[in-house]
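Participant: I am attaching a structure below and will ask some questions about it afterwards.
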Amino acid sequence: MKKILISSCLLGGADRYNGSNLRIESELIEQWRTQGRIASFCPEVAAGLGTPRAAAEIRGGDGRCVLKGSARVQTASGEDLSANFMAGARLALELCRNQGIGVALLAESSPSCGSTRIYDGHFRQRKIEGVGVSTALLEQHGIRVFSQHQIEEAAKYLMTWTAP
């Protein structure tokens, strides 16, 4: 049975930086949950960042740039959390590999999980095109990432995806 990696905050987990969640109500997600197809995961918590924690944004690019070393994940005070975010991305990839997961549904705008948009790195609530660190690493390894706004698309892809 094909599994799907889903950001735990989308499932109601209180692991966002401020201790909240982004729980979404969806018949598809409930169906996947009933079928035991969901692998719930938060890269930031898995990498040891507590909840709540200081907000972080990517400065100097997006998650692809962080993986290359040309951008950093930082808090507003300048604390560099890049190593934590890269560790969380590696743990997400390891989980996908271990469970044969090829599809992920992740929280949009997150510096870990954003799949099309992230915050601009200046803590002014402005979003730019880009991906989070975990999304970048998963995509590098052939895992298709969707946002919580693309559940139907993720479901269609999941039905057609075949493991390599």
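Just remember, in the structure tokens the first chain shown is A, the second B, etc., residues are 1-based per chain, and ligands are 1-based in the order shown.
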So which bits of range 2-150 of chain A end up strand (DSSP E or B) when you DSSP the backbone, as number ranges by chain?

Facilitator: A: 4-7, 38-41, 56-59, 72-75, 80, 103-106, 109, 117-119, 127-129, 144-147

Participant: Between A:Glu152, A:Glu44, A:Asp62, A:Glu25, which has the minimum distance to Gly114 in chain A (counting only C-alpha atoms)?

Facilitator: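 With only C-alpha atoms as the atom set, the closest residue is A:Asp62.
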
Participant: Would you mind listing what lies within 6 Å of range 14-17 of chain A as a PDB file with C-alpha atoms, in the first residue's frame, with only C-alpha atoms counted and same-chain residues fewer than 2 positions away left out?

Facilitator:
```pdb
ATOM      1  CA  CYS A   9       1.071  20.174  11.757  1.00  0.00           C
ATOM      2  CA  GLY A  19       3.133  25.712  19.136  1.00  0.00           C
ATOM      3  CA  SER A  20       0.064  25.825  16.889  1.00  0.00           C
ATOM      4  CA  ASN A  21      -1.009  23.628  13.990  1.00  0.00           C
ATOM      5  CA  THR A  51       8.092  23.854  20.375  1.00  0.00           C
ATOM      6  CA  PRO A  52       7.520  26.717  20.649  1.00  0.00           C
ATOM      7  CA  ARG A  53      10.687  28.082  19.075  1.00  0.00           C
ATOM      8  CA  ALA A  55      10.427  31.793  13.888  1.00  0.00           C
TER       9      ALA A  55
END
```

Participant: Counting only C-alpha atoms, figure out which residue out of A:Gly13, A:Gly102, A:Pro43, A:Gly132 gets nearest to Ala89 in chain A.

Facilitator: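 Counting only C-alpha atoms, the residue closest to Ala89 in chain A is A:Pro43.
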
Participant: When you look at Gly121 in chain A with a cut-off of 7 Å (counting only C-alpha atoms), what residues show up, excluding the ones that are within fewer than 6 positions of it in the same chain? I need them as number ranges by chain.

Facilitator: A: 57-59

Participant: Let me make sure I understand: among A:Ser77, A:Gln35, A:Ser7, A:Thr160, which one has the smallest atom-to-atom distance to Cys113 in chain A if we use only C-alpha atoms?

Facilitator: A:Ser7

Participant: Please determine, counting only C-alpha atoms, which residue among A:His149, A:Arg72, A:Arg144, A:His122 has the shortest atom-to-atom distance to Leu5 in chain A.

Facilitator: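 Smallest distance to Leu5 in chain A is found for A:Arg144.
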